[in-house]
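Structure data follow from work.pdb (PDB, C-alpha atoms):
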ATOM      1  CA  MET A   1       9.134 -11.080 -14.661  1.00  0.00           C
ATOM      2  CA  ASN A   2      12.008 -13.266 -15.813  1.00  0.00           C
ATOM      3  CA  ARG A   3      13.331 -16.408 -14.142  1.00  0.00           C
ATOM      4  CA  GLU A   4      16.090 -14.597 -12.245  1.00  0.00           C
ATOM      5  CA  GLU A   5      13.636 -12.025 -10.870  1.00  0.00           C
ATOM      6  CA  LYS A   6      11.268 -14.783  -9.771  1.00  0.00           C
ATOM      7  CA  TYR A   7      14.120 -16.495  -7.941  1.00  0.00           C
ATOM      8  CA  ILE A   8      15.156 -13.228  -6.253  1.00  0.00           C
ATOM      9  CA  LEU A   9      11.572 -12.481  -5.212  1.00  0.00           C
ATOM     10  CA  ARG A  10      11.042 -15.938  -3.749  1.00  0.00           C
ATOM     11  CA  SER A  11      14.428 -15.937  -2.024  1.00  0.00           C
ATOM     12  CA  TRP A  12      13.977 -12.539  -0.408  1.00  0.00           C
ATOM     13  CA  ALA A  13      10.397 -13.346   0.622  1.00  0.00           C
ATOM     14  CA  SER A  14      11.581 -16.616   2.163  1.00  0.00           C
ATOM     15  CA  ASP A  15      14.161 -14.706   4.223  1.00  0.00           C
ATOM     16  CA  PHE A  16      11.211 -12.984   5.926  1.00  0.00           C
ATOM     17  CA  GLY A  17       9.275 -16.218   6.424  1.00  0.00           C
ATOM     18  CA  ILE A  18       6.926 -15.604   3.487  1.00  0.00           C
ATOM     19  CA  LYS A  19       6.351 -18.621   1.246  1.00  0.00           C
ATOM     20  CA  LEU A  20       5.087 -17.720  -2.223  1.00  0.00           C
ATOM     21  CA  SER A  21       3.438 -20.204  -4.576  1.00  0.00           C
ATOM     22  CA  GLY A  22       4.172 -20.262  -8.285  1.00  0.00           C
ATOM     23  CA  SER A  23       0.814 -18.633  -8.930  1.00  0.00           C
ATOM     24  CA  GLN A  24       1.491 -15.840  -6.459  1.00  0.00           C
ATOM     25  CA  VAL A  25       4.909 -15.155  -7.990  1.00  0.00           C
ATOM     26  CA  HIS A  26       3.249 -15.011 -11.423  1.00  0.00           C
ATOM     27  CA  LEU A  27       0.672 -12.466 -10.228  1.00  0.00           C
ATOM     28  CA  LEU A  28       3.308 -10.348  -8.494  1.00  0.00           C
ATOM     29  CA  GLY A  29       5.226 -10.442 -11.765  1.00  0.00           C
ATOM     30  CA  ILE A  30       2.201  -9.046 -13.610  1.00  0.00           C
ATOM     31  CA  HIS A  31       2.101  -6.154 -11.129  1.00  0.00           C
ATOM     32  CA  LEU A  32       5.829  -5.523 -11.583  1.00  0.00           C
ATOM     33  CA  ASP A  33       5.716  -5.713 -15.389  1.00  0.00           C
ATOM     34  CA  GLU A  34       2.738  -3.383 -15.636  1.00  0.00           C
ATOM     35  CA  LEU A  35       4.288  -0.879 -13.224  1.00  0.00           C
ATOM     36  CA  TRP A  36       7.536  -0.953 -15.212  1.00  0.00           C
ATOM     37  CA  GLN A  37       5.682  -0.155 -18.443  1.00  0.00           C
ATOM     38  CA  TRP A  38       3.401   2.526 -17.012  1.00  0.00           C
ATOM     39  CA  ASN A  39       6.302   4.192 -15.208  1.00  0.00           C
ATOM     40  CA  LYS A  40       7.818   5.045 -18.596  1.00  0.00           C
ATOM     41  CA  ARG A  41       4.795   7.272 -19.284  1.00  0.00           C
ATOM     42  CA  MET A  42       3.937   8.588 -15.816  1.00  0.00           C
ATOM     43  CA  ASN A  43       5.697   8.795 -12.463  1.00  0.00           C
ATOM     44  CA  LEU A  44       4.231   5.951 -10.403  1.00  0.00           C
ATOM     45  CA  THR A  45       7.506   5.303  -8.579  1.00  0.00           C
ATOM     46  CA  GLY A  46      10.898   6.972  -8.469  1.00  0.00           C
ATOM     47  CA  LEU A  47      12.694   3.618  -8.447  1.00  0.00           C
ATOM     48  CA  THR A  48      14.721   3.067 -11.603  1.00  0.00           C
ATOM     49  CA  SER A  49      15.495  -0.659 -11.431  1.00  0.00           C
ATOM     50  CA  ARG A  50      13.255  -3.720 -11.427  1.00  0.00           C
ATOM     51  CA  GLN A  51      15.183  -5.267  -8.537  1.00  0.00           C
ATOM     52  CA  GLY A  52      14.659  -2.029  -6.619  1.00  0.00           C
ATOM     53  CA  ILE A  53      10.899  -2.349  -7.139  1.00  0.00           C
ATOM     54  CA  ILE A  54      10.974  -5.996  -6.041  1.00  0.00           C
ATOM     55  CA  LYS A  55      12.924  -5.132  -2.892  1.00  0.00           C
ATOM     56  CA  GLU A  56      11.536  -1.763  -1.827  1.00  0.00           C
ATOM     57  CA  LEU A  57       7.919  -2.142  -2.949  1.00  0.00           C
ATOM     58  CA  LEU A  58       6.943  -5.797  -3.368  1.00  0.00           C
ATOM     59  CA  ILE A  59       8.908  -7.288  -0.467  1.00  0.00           C
ATOM     60  CA  ASP A  60       8.325  -4.261   1.763  1.00  0.00           C
ATOM     61  CA  SER A  61       4.572  -4.620   1.193  1.00  0.00           C
ATOM     62  CA  LEU A  62       4.504  -8.371   1.834  1.00  0.00           C
ATOM     63  CA  ILE A  63       6.278  -8.184   5.198  1.00  0.00           C
ATOM     64  CA  SER A  64       3.050  -7.205   6.971  1.00  0.00           C
ATOM     65  CA  SER A  65       1.061 -10.116   5.465  1.00  0.00           C
ATOM     66  CA  THR A  66       1.774 -12.474   8.357  1.00  0.00           C
ATOM     67  CA  PHE A  67       0.283 -10.038  10.888  1.00  0.00           C
ATOM     68  CA  LEU A  68      -3.116  -9.671   9.224  1.00  0.00           C
ATOM     69  CA  PRO A  69      -6.033 -11.594  10.757  1.00  0.00           C
ATOM     70  CA  GLU A  70      -8.080 -14.133   8.810  1.00  0.00           C
ATOM     71  CA  THR A  71     -11.202 -13.243   6.816  1.00  0.00           C
ATOM     72  CA  CYS A  72     -11.094  -9.521   7.437  1.00  0.00           C
ATOM     73  CA  SER A  73     -11.839  -6.367   5.452  1.00  0.00           C
ATOM     74  CA  VAL A  74      -8.859  -4.154   4.601  1.00  0.00           C
ATOM     75  CA  LEU A  75      -8.814  -0.502   3.557  1.00  0.00           C
ATOM     76  CA  ASP A  76      -5.635   0.730   1.873  1.00  0.00           C
ATOM     77  CA  VAL A  77      -5.445   4.523   1.966  1.00  0.00           C
ATOM     78  CA  GLY A  78      -3.578   6.418  -0.751  1.00  0.00           C
ATOM     79  CA  SER A  79      -2.933   3.254  -2.764  1.00  0.00           C
ATOM     80  CA  GLY A  80      -0.892   4.951  -5.508  1.00  0.00           C
ATOM     81  CA  ALA A  81       0.753   2.182  -7.516  1.00  0.00           C
ATOM     82  CA  GLY A  82      -0.905  -0.487  -5.382  1.00  0.00           C
ATOM     83  CA  PHE A  83       1.490  -0.874  -2.468  1.00  0.00           C
ATOM     84  CA  PRO A  84       0.962  -2.555  -0.114  1.00  0.00           C
ATOM     85  CA  ALA A  85      -2.595  -3.540  -1.113  1.00  0.00           C
ATOM     86  CA  ILE A  86      -2.113  -5.518  -4.325  1.00  0.00           C
ATOM     87  CA  PRO A  87       0.852  -7.643  -3.106  1.00  0.00           C
ATOM     88  CA  LEU A  88      -1.033  -8.250   0.155  1.00  0.00           C
ATOM     89  CA  LYS A  89      -4.158  -9.317  -1.746  1.00  0.00           C
ATOM     90  CA  ILE A  90      -2.085 -11.695  -3.884  1.00  0.00           C
ATOM     91  CA  CYS A  91      -0.446 -13.143  -0.776  1.00  0.00           C
ATOM     92  CA  ARG A  92      -3.699 -13.212   1.229  1.00  0.00           C
ATOM     93  CA  PRO A  93      -6.508 -13.873  -1.294  1.00  0.00           C
ATOM     94  CA  ASP A  94      -8.890 -14.679   1.566  1.00  0.00           C
ATOM     95  CA  LEU A  95      -9.071 -10.996   2.552  1.00  0.00           C
ATOM     96  CA  SER A  96     -11.394  -8.321   1.129  1.00  0.00           C
ATOM     97  CA  PHE A  97      -9.689  -5.095  -0.009  1.00  0.00           C
ATOM     98  CA  HIS A  98     -10.810  -1.541  -0.725  1.00  0.00           C
ATOM     99  CA  LEU A  99      -8.147   0.681  -2.322  1.00  0.00           C
ATOM    100  CA  MET A 100      -8.692   4.424  -1.858  1.00  0.00           C
ATOM    101  CA  GLU A 101      -6.925   6.723  -4.329  1.00  0.00           C
ATOM    102  CA  ALA A 102      -7.673  10.241  -5.613  1.00  0.00           C
ATOM    103  CA  ASN A 103      -5.449  10.446  -8.700  1.00  0.00           C
ATOM    104  CA  SER A 104      -7.335   9.387 -11.850  1.00  0.00           C
ATOM    105  CA  LYS A 105      -4.244   8.061 -13.668  1.00  0.00           C
ATOM    106  CA  LYS A 106      -3.242   5.968 -10.673  1.00  0.00           C
ATOM    107  CA  ILE A 107      -6.814   4.681 -10.445  1.00  0.00           C
ATOM    108  CA  SER A 108      -6.577   3.587 -14.093  1.00  0.00           C
ATOM    109  CA  PHE A 109      -3.336   1.779 -13.320  1.00  0.00           C
ATOM    110  CA  LEU A 110      -4.825   0.005 -10.296  1.00  0.00           C
ATOM    111  CA  GLN A 111      -7.878  -1.096 -12.269  1.00  0.00           C
ATOM    112  CA  GLN A 112      -5.671  -2.376 -15.079  1.00  0.00           C
ATOM    113  CA  VAL A 113      -3.561  -4.481 -12.705  1.00  0.00           C
ATOM    114  CA  ILE A 114      -6.706  -5.885 -11.085  1.00  0.00           C
ATOM    115  CA  ARG A 115      -8.072  -6.814 -14.519  1.00  0.00           C
ATOM    116  CA  LEU A 116      -4.818  -8.481 -15.604  1.00  0.00           C
ATOM    117  CA  THR A 117      -4.396 -10.436 -12.370  1.00  0.00           C
ATOM    118  CA  MET A 118      -8.138 -11.285 -12.237  1.00  0.00           C
ATOM    119  CA  LEU A 119      -8.133 -10.709  -8.486  1.00  0.00           C
ATOM    120  CA  GLN A 120     -11.499 -11.040  -6.772  1.00  0.00           C
ATOM    121  CA  GLY A 121     -12.699  -9.241  -3.642  1.00  0.00           C
ATOM    122  CA  ILE A 122     -10.788  -6.059  -4.388  1.00  0.00           C
ATOM    123  CA  LYS A 123     -12.285  -2.666  -5.276  1.00  0.00           C
ATOM    124  CA  VAL A 124     -10.842   0.763  -6.102  1.00  0.00           C
ATOM    125  CA  ILE A 125     -12.561   3.782  -4.529  1.00  0.00           C
ATOM    126  CA  ARG A 126     -11.889   7.241  -5.924  1.00  0.00           C
ATOM    127  CA  GLY A 127     -11.553   9.733  -3.098  1.00  0.00           C
ATOM    128  CA  ARG A 128      -9.518  11.169  -0.233  1.00  0.00           C
ATOM    129  CA  ILE A 129      -9.690   9.779   3.279  1.00  0.00           C
ATOM    130  CA  GLU A 130      -9.864  13.264   4.829  1.00  0.00           C
ATOM    131  CA  LYS A 131     -13.095  14.246   3.066  1.00  0.00           C
ATOM    132  CA  ASP A 132     -14.688  11.190   1.420  1.00  0.00           C
ATOM    133  CA  LYS A 133     -15.328   8.815   4.321  1.00  0.00           C
ATOM    134  CA  GLY A 134     -18.923   8.528   3.113  1.00  0.00           C
ATOM    135  CA  LEU A 135     -17.659   6.406   0.202  1.00  0.00           C
ATOM    136  CA  LEU A 136     -16.308   3.760   2.567  1.00  0.00           C
ATOM    137  CA  GLN A 137     -18.207   0.915   4.191  1.00  0.00           C
ATOM    138  CA  PRO A 138     -20.163   2.409   7.099  1.00  0.00           C
ATOM    139  CA  GLU A 139     -19.455  -0.399   9.539  1.00  0.00           C
ATOM    140  CA  GLY A 140     -15.717   0.289   9.341  1.00  0.00           C
ATOM    141  CA  TYR A 141     -12.745  -1.947   8.554  1.00  0.00           C
ATOM    142  CA  HIS A 142     -10.840  -4.602  10.453  1.00  0.00           C
ATOM    143  CA  VAL A 143      -7.502  -3.396   9.050  1.00  0.00           C
ATOM    144  CA  ILE A 144      -6.323  -0.123   7.501  1.00  0.00           C
ATOM    145  CA  THR A 145      -2.962   0.065   5.741  1.00  0.00           C
ATOM    146  CA  ALA A 146      -1.131   3.284   4.901  1.00  0.00           C
ATOM    147  CA  ARG A 147       2.254   3.508   3.221  1.00  0.00           C
ATOM    148  CA  ALA A 148       3.900   6.915   2.643  1.00  0.00           C
ATOM    149  CA  LEU A 149       0.535   8.645   3.091  1.00  0.00           C
ATOM    150  CA  ALA A 150       1.384  11.455   5.525  1.00  0.00           C
ATOM    151  CA  HIS A 151       3.041  12.078   8.884  1.00  0.00           C
ATOM    152  CA  LEU A 152       2.073   9.366  11.371  1.00  0.00           C
ATOM    153  CA  SER A 153      -0.106  11.691  13.476  1.00  0.00           C
ATOM    154  CA  GLN A 154      -2.057  12.811  10.397  1.00  0.00           C
ATOM    155  CA  THR A 155      -2.397   9.254   9.120  1.00  0.00           C
ATOM    156  CA  LEU A 156      -3.826   8.093  12.457  1.00  0.00           C
ATOM    157  CA  THR A 157      -6.201  11.074  12.626  1.00  0.00           C
ATOM    158  CA  TRP A 158      -7.609  10.271   9.186  1.00  0.00           C
ATOM    159  CA  CYS A 159      -7.749   6.504   9.516  1.00  0.00           C
ATOM    160  CA  ALA A 160      -8.839   5.798  13.097  1.00  0.00           C
ATOM    161  CA  PRO A 161     -12.502   6.861  12.589  1.00  0.00           C
ATOM    162  CA  CYS A 162     -12.814   4.230   9.818  1.00  0.00           C
ATOM    163  CA  LEU A 163     -11.637   1.409  12.081  1.00  0.00           C
ATOM    164  CA  ILE A 164     -13.878  -1.001  13.976  1.00  0.00           C
ATOM    165  CA  SER A 165     -13.323  -1.536  17.696  1.00  0.00           C
ATOM    166  CA  GLY A 166     -10.465  -4.013  18.011  1.00  0.00           C
ATOM    167  CA  GLY A 167      -9.295  -3.254  14.467  1.00  0.00           C
ATOM    168  CA  MET A 168      -5.776  -2.260  13.552  1.00  0.00           C
ATOM    169  CA  ILE A 169      -3.851   0.296  11.531  1.00  0.00           C
ATOM    170  CA  VAL A 170      -0.676  -0.916   9.804  1.00  0.00           C
ATOM    171  CA  SER A 171       1.859   1.853   9.251  1.00  0.00           C
ATOM    172  CA  PHE A 172       5.227   1.576   7.483  1.00  0.00           C
ATOM    173  CA  GLN A 173       7.929   3.686   9.129  1.00  0.00           C
ATOM    174  CA  GLY A 174      11.658   4.380   8.872  1.00  0.00           C
ATOM    175  CA  SER A 175      14.311   4.320  11.583  1.00  0.00           C
ATOM    176  CA  ARG A 176      13.014   7.547  13.192  1.00  0.00           C
ATOM    177  CA  PHE A 177       9.693   5.959  14.103  1.00  0.00           C
ATOM    178  CA  GLU A 178      10.139   6.654  17.843  1.00  0.00           C
ATOM    179  CA  HIS A 179      10.245  10.393  17.134  1.00  0.00           C
ATOM    180  CA  ALA A 180       7.050  10.091  15.072  1.00  0.00           C
ATOM    181  CA  LEU A 181       5.428   8.131  17.908  1.00  0.00           C
ATOM    182  CA  LYS A 182       6.209  10.851  20.439  1.00  0.00           C
ATOM    183  CA  GLU A 183       4.762  13.511  18.142  1.00  0.00           C
ATOM    184  CA  SER A 184       1.632  11.384  17.739  1.00  0.00           C
ATOM    185  CA  ALA A 185       1.016  10.693  21.430  1.00  0.00           C
ATOM    186  CA  ASP A 186      -1.970  13.039  21.723  1.00  0.00           C
ATOM    187  CA  VAL A 187      -3.614  11.642  18.600  1.00  0.00           C
ATOM    188  CA  ILE A 188      -3.074   8.052  19.747  1.00  0.00           C
ATOM    189  CA  LYS A 189      -4.791   8.842  23.055  1.00  0.00           C
ATOM    190  CA  ARG A 190      -7.610  10.864  21.463  1.00  0.00           C
ATOM    191  CA  GLU A 191      -8.428   8.169  18.908  1.00  0.00           C
ATOM    192  CA  ARG A 192      -8.366   5.393  21.549  1.00  0.00           C
ATOM    193  CA  LEU A 193      -5.421   3.640  19.910  1.00  0.00           C
ATOM    194  CA  PHE A 194      -2.447   1.817  21.371  1.00  0.00           C
ATOM    195  CA  LEU A 195       0.758   0.493  19.825  1.00  0.00           C
ATOM    196  CA  TYR A 196       0.130  -3.251  19.686  1.00  0.00           C
ATOM    197  CA  LYS A 197       3.311  -4.313  17.929  1.00  0.00           C
ATOM    198  CA  SER A 198       6.482  -2.826  16.451  1.00  0.00           C
ATOM    199  CA  VAL A 199       8.251  -5.105  13.966  1.00  0.00           C
ATOM    200  CA  PRO A 200      11.799  -4.179  12.854  1.00  0.00           C
ATOM    201  CA  TYR A 201      13.228  -5.457   9.588  1.00  0.00           C
ATOM    202  CA  THR A 202      16.009  -4.608   7.153  1.00  0.00           C
ATOM    203  CA  LEU A 203      15.510  -4.878   3.418  1.00  0.00           C
ATOM    204  CA  PRO A 204      18.183  -6.709   1.384  1.00  0.00           C
ATOM    205  CA  GLY A 205      21.189  -4.503   0.707  1.00  0.00           C
ATOM    206  CA  LYS A 206      20.012  -1.781   3.098  1.00  0.00           C
ATOM    207  CA  ASP A 207      21.738  -0.705   6.326  1.00  0.00           C
ATOM    208  CA  SER A 208      18.942   1.302   7.903  1.00  0.00           C
ATOM    209  CA  PRO A 209      16.141  -0.689   9.563  1.00  0.00           C
ATOM    210  CA  ARG A 210      12.459  -0.150   8.824  1.00  0.00           C
ATOM    211  CA  TYR A 211       9.470  -0.833  11.049  1.00  0.00           C
ATOM    212  CA  VAL A 212       5.932  -2.055  10.675  1.00  0.00           C
ATOM    213  CA  LEU A 213       3.885  -0.369  13.400  1.00  0.00           C
ATOM    214  CA  ILE A 214       0.568  -1.993  14.270  1.00  0.00           C
ATOM    215  CA  PHE A 215      -1.915   0.112  16.221  1.00  0.00           C
ATOM    216  CA  LYS A 216      -5.083  -1.348  17.702  1.00  0.00           C
ATOM    217  CA  LYS A 217      -8.274   0.476  18.634  1.00  0.00           C
ATOM    218  CA  HIS A 218      -9.789   0.005  22.092  1.00  0.00           C
TER
END
Can the structure in the file be given as C-alpha cells, please?
Amino acid sequence: MNREEKYILRSWASDFGIKLSGSQVHLLGIHLDELWQWNKRMNLTGLTSRQGIIKELLIDSLISSTFLPETCSVLDVGSGAGFPAIPLKICRPDLSFHLMEANSKKISFLQQVIRLTMLQGIKVIRGRIEKDKGLLQPEGYHVITARALAHLSQTLTWCAPCLISGGMIVSFQGSRFEHALKESADVIKRERLFLYKSVPYTLPGKDSPRYVLIFKKH
C-alpha cells in the first residue's frame, strides 16, 4: 500500500469515526497487497481497482467495528477473501475470530494473510455453516458476521443456532434491506431474534446507502 492509499484509507475511516494507528494501516495494507496479487491468478473479488477494494471491502468491513462488544468470540461465515473478519481483527485485536470457509484456494489465501500479518487469536475453519456446525465451538459465539453469504432469511437460519443467548448477528445489506426484513419475519421469530440496531451509511463516491443490521438473540 503506497502513501496515497494509506492517506485515503485513514481519511475515509476517519469519516466514519474509525481511528486507525500506523500499525493497523500497515496490516490492512498487507491484506490489500496480497489480495491484489492473488486476484491476478484467481477470482477473489470482482473489483478492478485498489481504491475500489479500499472503499468497498476494507472500509465497508470496518464500519461495524465500533458496534462489537469487548473481549468476545466472533464467527465469520463464508469468509472468502477475509471480509469483514480480517479488517475487523486488525481493528479489534482484542477479539477472538473463527473464519469459516469451504473453498480450499480461499482458505490458502486466508492462511497466507494471517501468516504475513502475524495476527493472533484468529483461526480458519474449513467447512460450511449449513452442515459443519460440529466444527465450531460448542458453547456458541458472542458475534457472528456474514457478508454476501446468502439471502437474509437463509443467513439467519444458518447462523442463529451458533449464537449464545444475548449474542448478535451482524449482517451487511443494501438499500432494499426492509424488503429482506419482511421476508425474514418468520425466521426472526422462530430463531428468537430481534432487530437491535439498523445503521445506515454511504460509502465514498456512492449514492445508494448501505446498512449494517444487528440482530440479537433473546
As a VMD selection string, please: the residues near Ile63 (chain A) (cut-off 9 Å, only C-alpha atoms, same-chain neighbours under 6 positions excluded). chain A and resid 13 16 to 18 88 201 212
Identify, on the basis of all atoms listed in the file, every residue whose closest approach to Ser96 (chain A) does not exceed 7 Å; exclude the query and any residue fewer than 3 positions from it along the same chain; express the result as a VMD selection string. chain A and resid 72 to 74 121 to 122
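When the PyMOL selection byres ((chain A and resi 83) around 8) is evaluated on the file shown here, the picked residues come out as Leu57, Leu58, Ser61, Ser79, Gly80, Ala81, Gly82, Pro84, Ala85, Ile86, Pro87 and Arg147 of chain A.
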Smallest atom-to-atom distance to Asn103 (chain A): which of A:His179, A:Lys133, A:Arg41, A:Arg128, using all atoms listed in the file?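 The answer is A:Arg128, which sits nearest to Asn103 (chain A).
Proximity of A:Leu116, A:Ala180, A:Pro138, A:Ala146 to Pro161 (chain A), computed with only C-alpha atoms, is greatest for A:Pro138.
With distances restricted to all atoms listed in the file, A:Ile90 is the closest residue to Val25 (chain A) from A:Glu4, A:Ile90, A:Gln37, A:Thr48.
Counting from CA of Asp94 (chain A), the distance to CA of Glu70 (chain A) is 7.3 Å.
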Dig up all the protein and nucleic acid residues within 10 Å of (-5.5, 11.1, 15.4) in the file frame, using all atoms listed in the file, and format them as an NGL selection string. :A and (152-161 or 184-193)
Specify as number ranges by chain each residue included when the PyMOL selection byres ((chain A and resi 112) around 12) is applied to this file. A: 30-31, 33-35, 38, 81-82, 86, 105-111, 113-119, 123-124
I would like the residues chosen by the PyMOL selection byres ((chain A and resi 64) around 10) on the shown file; could you give them as a list in words? Ile18, Ile59, Asp60, Ser61, Leu62, Ile63, Ser65, Thr66, Phe67, Leu68, Pro84, Leu88, Thr145, Val170, Ser171, Phe172, Val199, Tyr211, Val212, Leu213 and Ile214 of chain A
Taking (-11.0, 2.0, -4.5) in the file's coordinates, which residues come within 6 Å, counting all atoms listed in the file, written as a list in words?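 Those residues lying close to the given coordinates are His98, Leu99, Met100, Lys123, Val124, Ile125 and Arg126 of chain A.
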Report, as AutoDock Vina command-line options, the axis-aligned box around all atoms of region 1-7 of chain A present in the file, extended by 8 Å on each side; give centre and edge lengths in Å to one decimal place.
--center_x 12.6 --center_y -13.8 --center_z -11.9 --size_x 23.0 --size_y 21.4 --size_z 23.9
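Considering only C-alpha atoms, the residue among A:Thr202, A:Asn43, A:Thr71, A:Ser175 positioned nearest to Trp12 (chain A) is A:Thr202.
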Straight-line distance linking CA of Ala150 (chain A) with CA of Pro200 (chain A), stated in Å to one decimal: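 A separation of 20.2 Å between them.
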What's the separation between CA of Ile164 (chain A) and CA of Ala102 (chain A), in Å to one decimal place?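 So the two atoms, CA of Ile164 (chain A) and CA of Ala102 (chain A), lie 23.4 Å apart.
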Between A:Gly78, A:Pro69, A:Gly174, A:Gly127, single out the one closest to Leu95 (chain A), counting only C-alpha atoms.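 Closest residue, counting only C-alpha atoms: A:Pro69.
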File contents for region 110-118 of chain A with all heavy atoms as a PDB file, in the first residue's frame:
ATOM      1  N   LEU A 110      -6.510 -16.993   2.963  1.00  0.00           N
ATOM      2  CA  LEU A 110      -6.731 -16.514   4.326  1.00  0.00           C
ATOM      3  C   LEU A 110      -5.555 -16.875   5.230  1.00  0.00           C
ATOM      4  O   LEU A 110      -5.080 -16.045   6.017  1.00  0.00           O
ATOM      5  CB  LEU A 110      -8.025 -17.107   4.885  1.00  0.00           C
ATOM      6  CG  LEU A 110      -9.335 -16.660   4.228  1.00  0.00           C
ATOM      7  CD1 LEU A 110     -10.500 -17.504   4.715  1.00  0.00           C
ATOM      8  CD2 LEU A 110      -9.589 -15.182   4.470  1.00  0.00           C
ATOM      9  N   GLN A 111      -5.088 -18.091   5.128  1.00  0.00           N
ATOM     10  CA  GLN A 111      -3.962 -18.536   5.960  1.00  0.00           C
ATOM     11  C   GLN A 111      -2.696 -17.762   5.634  1.00  0.00           C
ATOM     12  O   GLN A 111      -1.900 -17.446   6.530  1.00  0.00           O
ATOM     13  CB  GLN A 111      -3.760 -20.038   5.794  1.00  0.00           C
ATOM     14  CG  GLN A 111      -4.890 -20.863   6.391  1.00  0.00           C
ATOM     15  CD  GLN A 111      -4.797 -22.340   6.077  1.00  0.00           C
ATOM     16  OE1 GLN A 111      -4.232 -22.739   5.057  1.00  0.00           O
ATOM     17  NE2 GLN A 111      -5.363 -23.174   6.934  1.00  0.00           N
ATOM     18  N   GLN A 112      -2.503 -17.447   4.357  1.00  0.00           N
ATOM     19  CA  GLN A 112      -1.336 -16.663   3.960  1.00  0.00           C
ATOM     20  C   GLN A 112      -1.394 -15.254   4.550  1.00  0.00           C
ATOM     21  O   GLN A 112      -0.385 -14.743   5.056  1.00  0.00           O
ATOM     22  CB  GLN A 112      -1.238 -16.606   2.434  1.00  0.00           C
ATOM     23  CG  GLN A 112      -0.173 -15.676   1.885  1.00  0.00           C
ATOM     24  CD  GLN A 112       1.248 -16.170   2.094  1.00  0.00           C
ATOM     25  OE1 GLN A 112       1.473 -17.155   2.816  1.00  0.00           O
ATOM     26  NE2 GLN A 112       2.207 -15.503   1.483  1.00  0.00           N
ATOM     27  N   VAL A 113      -2.539 -14.612   4.477  1.00  0.00           N
ATOM     28  CA  VAL A 113      -2.676 -13.264   5.042  1.00  0.00           C
ATOM     29  C   VAL A 113      -2.449 -13.289   6.549  1.00  0.00           C
ATOM     30  O   VAL A 113      -1.774 -12.406   7.098  1.00  0.00           O
ATOM     31  CB  VAL A 113      -4.061 -12.668   4.709  1.00  0.00           C
ATOM     32  CG1 VAL A 113      -4.276 -11.346   5.446  1.00  0.00           C
ATOM     33  CG2 VAL A 113      -4.207 -12.451   3.211  1.00  0.00           C
ATOM     34  N   ILE A 114      -2.971 -14.302   7.221  1.00  0.00           N
ATOM     35  CA  ILE A 114      -2.785 -14.414   8.669  1.00  0.00           C
ATOM     36  C   ILE A 114      -1.308 -14.600   9.005  1.00  0.00           C
ATOM     37  O   ILE A 114      -0.786 -14.013   9.966  1.00  0.00           O
ATOM     38  CB  ILE A 114      -3.639 -15.565   9.234  1.00  0.00           C
ATOM     39  CG1 ILE A 114      -5.132 -15.204   9.153  1.00  0.00           C
ATOM     40  CG2 ILE A 114      -3.257 -15.874  10.679  1.00  0.00           C
ATOM     41  CD1 ILE A 114      -6.068 -16.353   9.433  1.00  0.00           C
ATOM     42  N   ARG A 115      -0.604 -15.391   8.199  1.00  0.00           N
ATOM     43  CA  ARG A 115       0.835 -15.578   8.419  1.00  0.00           C
ATOM     44  C   ARG A 115       1.599 -14.268   8.222  1.00  0.00           C
ATOM     45  O   ARG A 115       2.462 -13.896   9.024  1.00  0.00           O
ATOM     46  CB  ARG A 115       1.383 -16.639   7.460  1.00  0.00           C
ATOM     47  CG  ARG A 115       1.142 -18.066   7.886  1.00  0.00           C
ATOM     48  CD  ARG A 115       1.996 -19.035   7.078  1.00  0.00           C
ATOM     49  NE  ARG A 115       1.607 -19.066   5.674  1.00  0.00           N
ATOM     50  CZ  ARG A 115       0.704 -19.897   5.159  1.00  0.00           C
ATOM     51  NH1 ARG A 115       0.093 -20.770   5.956  1.00  0.00           N
ATOM     52  NH2 ARG A 115       0.406 -19.868   3.873  1.00  0.00           N
ATOM     53  N   LEU A 116       1.276 -13.549   7.139  1.00  0.00           N
ATOM     54  CA  LEU A 116       2.003 -12.316   6.828  1.00  0.00           C
ATOM     55  C   LEU A 116       1.740 -11.215   7.848  1.00  0.00           C
ATOM     56  O   LEU A 116       2.633 -10.429   8.172  1.00  0.00           O
ATOM     57  CB  LEU A 116       1.625 -11.829   5.426  1.00  0.00           C
ATOM     58  CG  LEU A 116       2.098 -12.694   4.255  1.00  0.00           C
ATOM     59  CD1 LEU A 116       1.514 -12.181   2.945  1.00  0.00           C
ATOM     60  CD2 LEU A 116       3.615 -12.725   4.173  1.00  0.00           C
ATOM     61  N   THR A 117       0.519 -11.131   8.330  1.00  0.00           N
ATOM     62  CA  THR A 117       0.162 -10.100   9.310  1.00  0.00           C
ATOM     63  C   THR A 117       0.525 -10.509  10.735  1.00  0.00           C
ATOM     64  O   THR A 117       0.529  -9.668  11.633  1.00  0.00           O
ATOM     65  CB  THR A 117      -1.341  -9.788   9.255  1.00  0.00           C
ATOM     66  OG1 THR A 117      -2.082 -11.011   9.401  1.00  0.00           O
ATOM     67  CG2 THR A 117      -1.717  -9.132   7.928  1.00  0.00           C
ATOM     68  N   MET A 118       0.794 -11.801  10.931  1.00  0.00           N
ATOM     69  CA  MET A 118       1.144 -12.357  12.257  1.00  0.00           C
ATOM     70  C   MET A 118       0.047 -12.081  13.292  1.00  0.00           C
ATOM     71  O   MET A 118       0.319 -11.830  14.461  1.00  0.00           O
ATOM     72  CB  MET A 118       2.497 -11.836  12.727  1.00  0.00           C
ATOM     73  CG  MET A 118       3.652 -12.321  11.866  1.00  0.00           C
ATOM     74  SD  MET A 118       5.298 -11.891  12.500  1.00  0.00           S
ATOM     75  CE  MET A 118       5.310 -10.130  12.156  1.00  0.00           C
TER      76      MET A 118
END
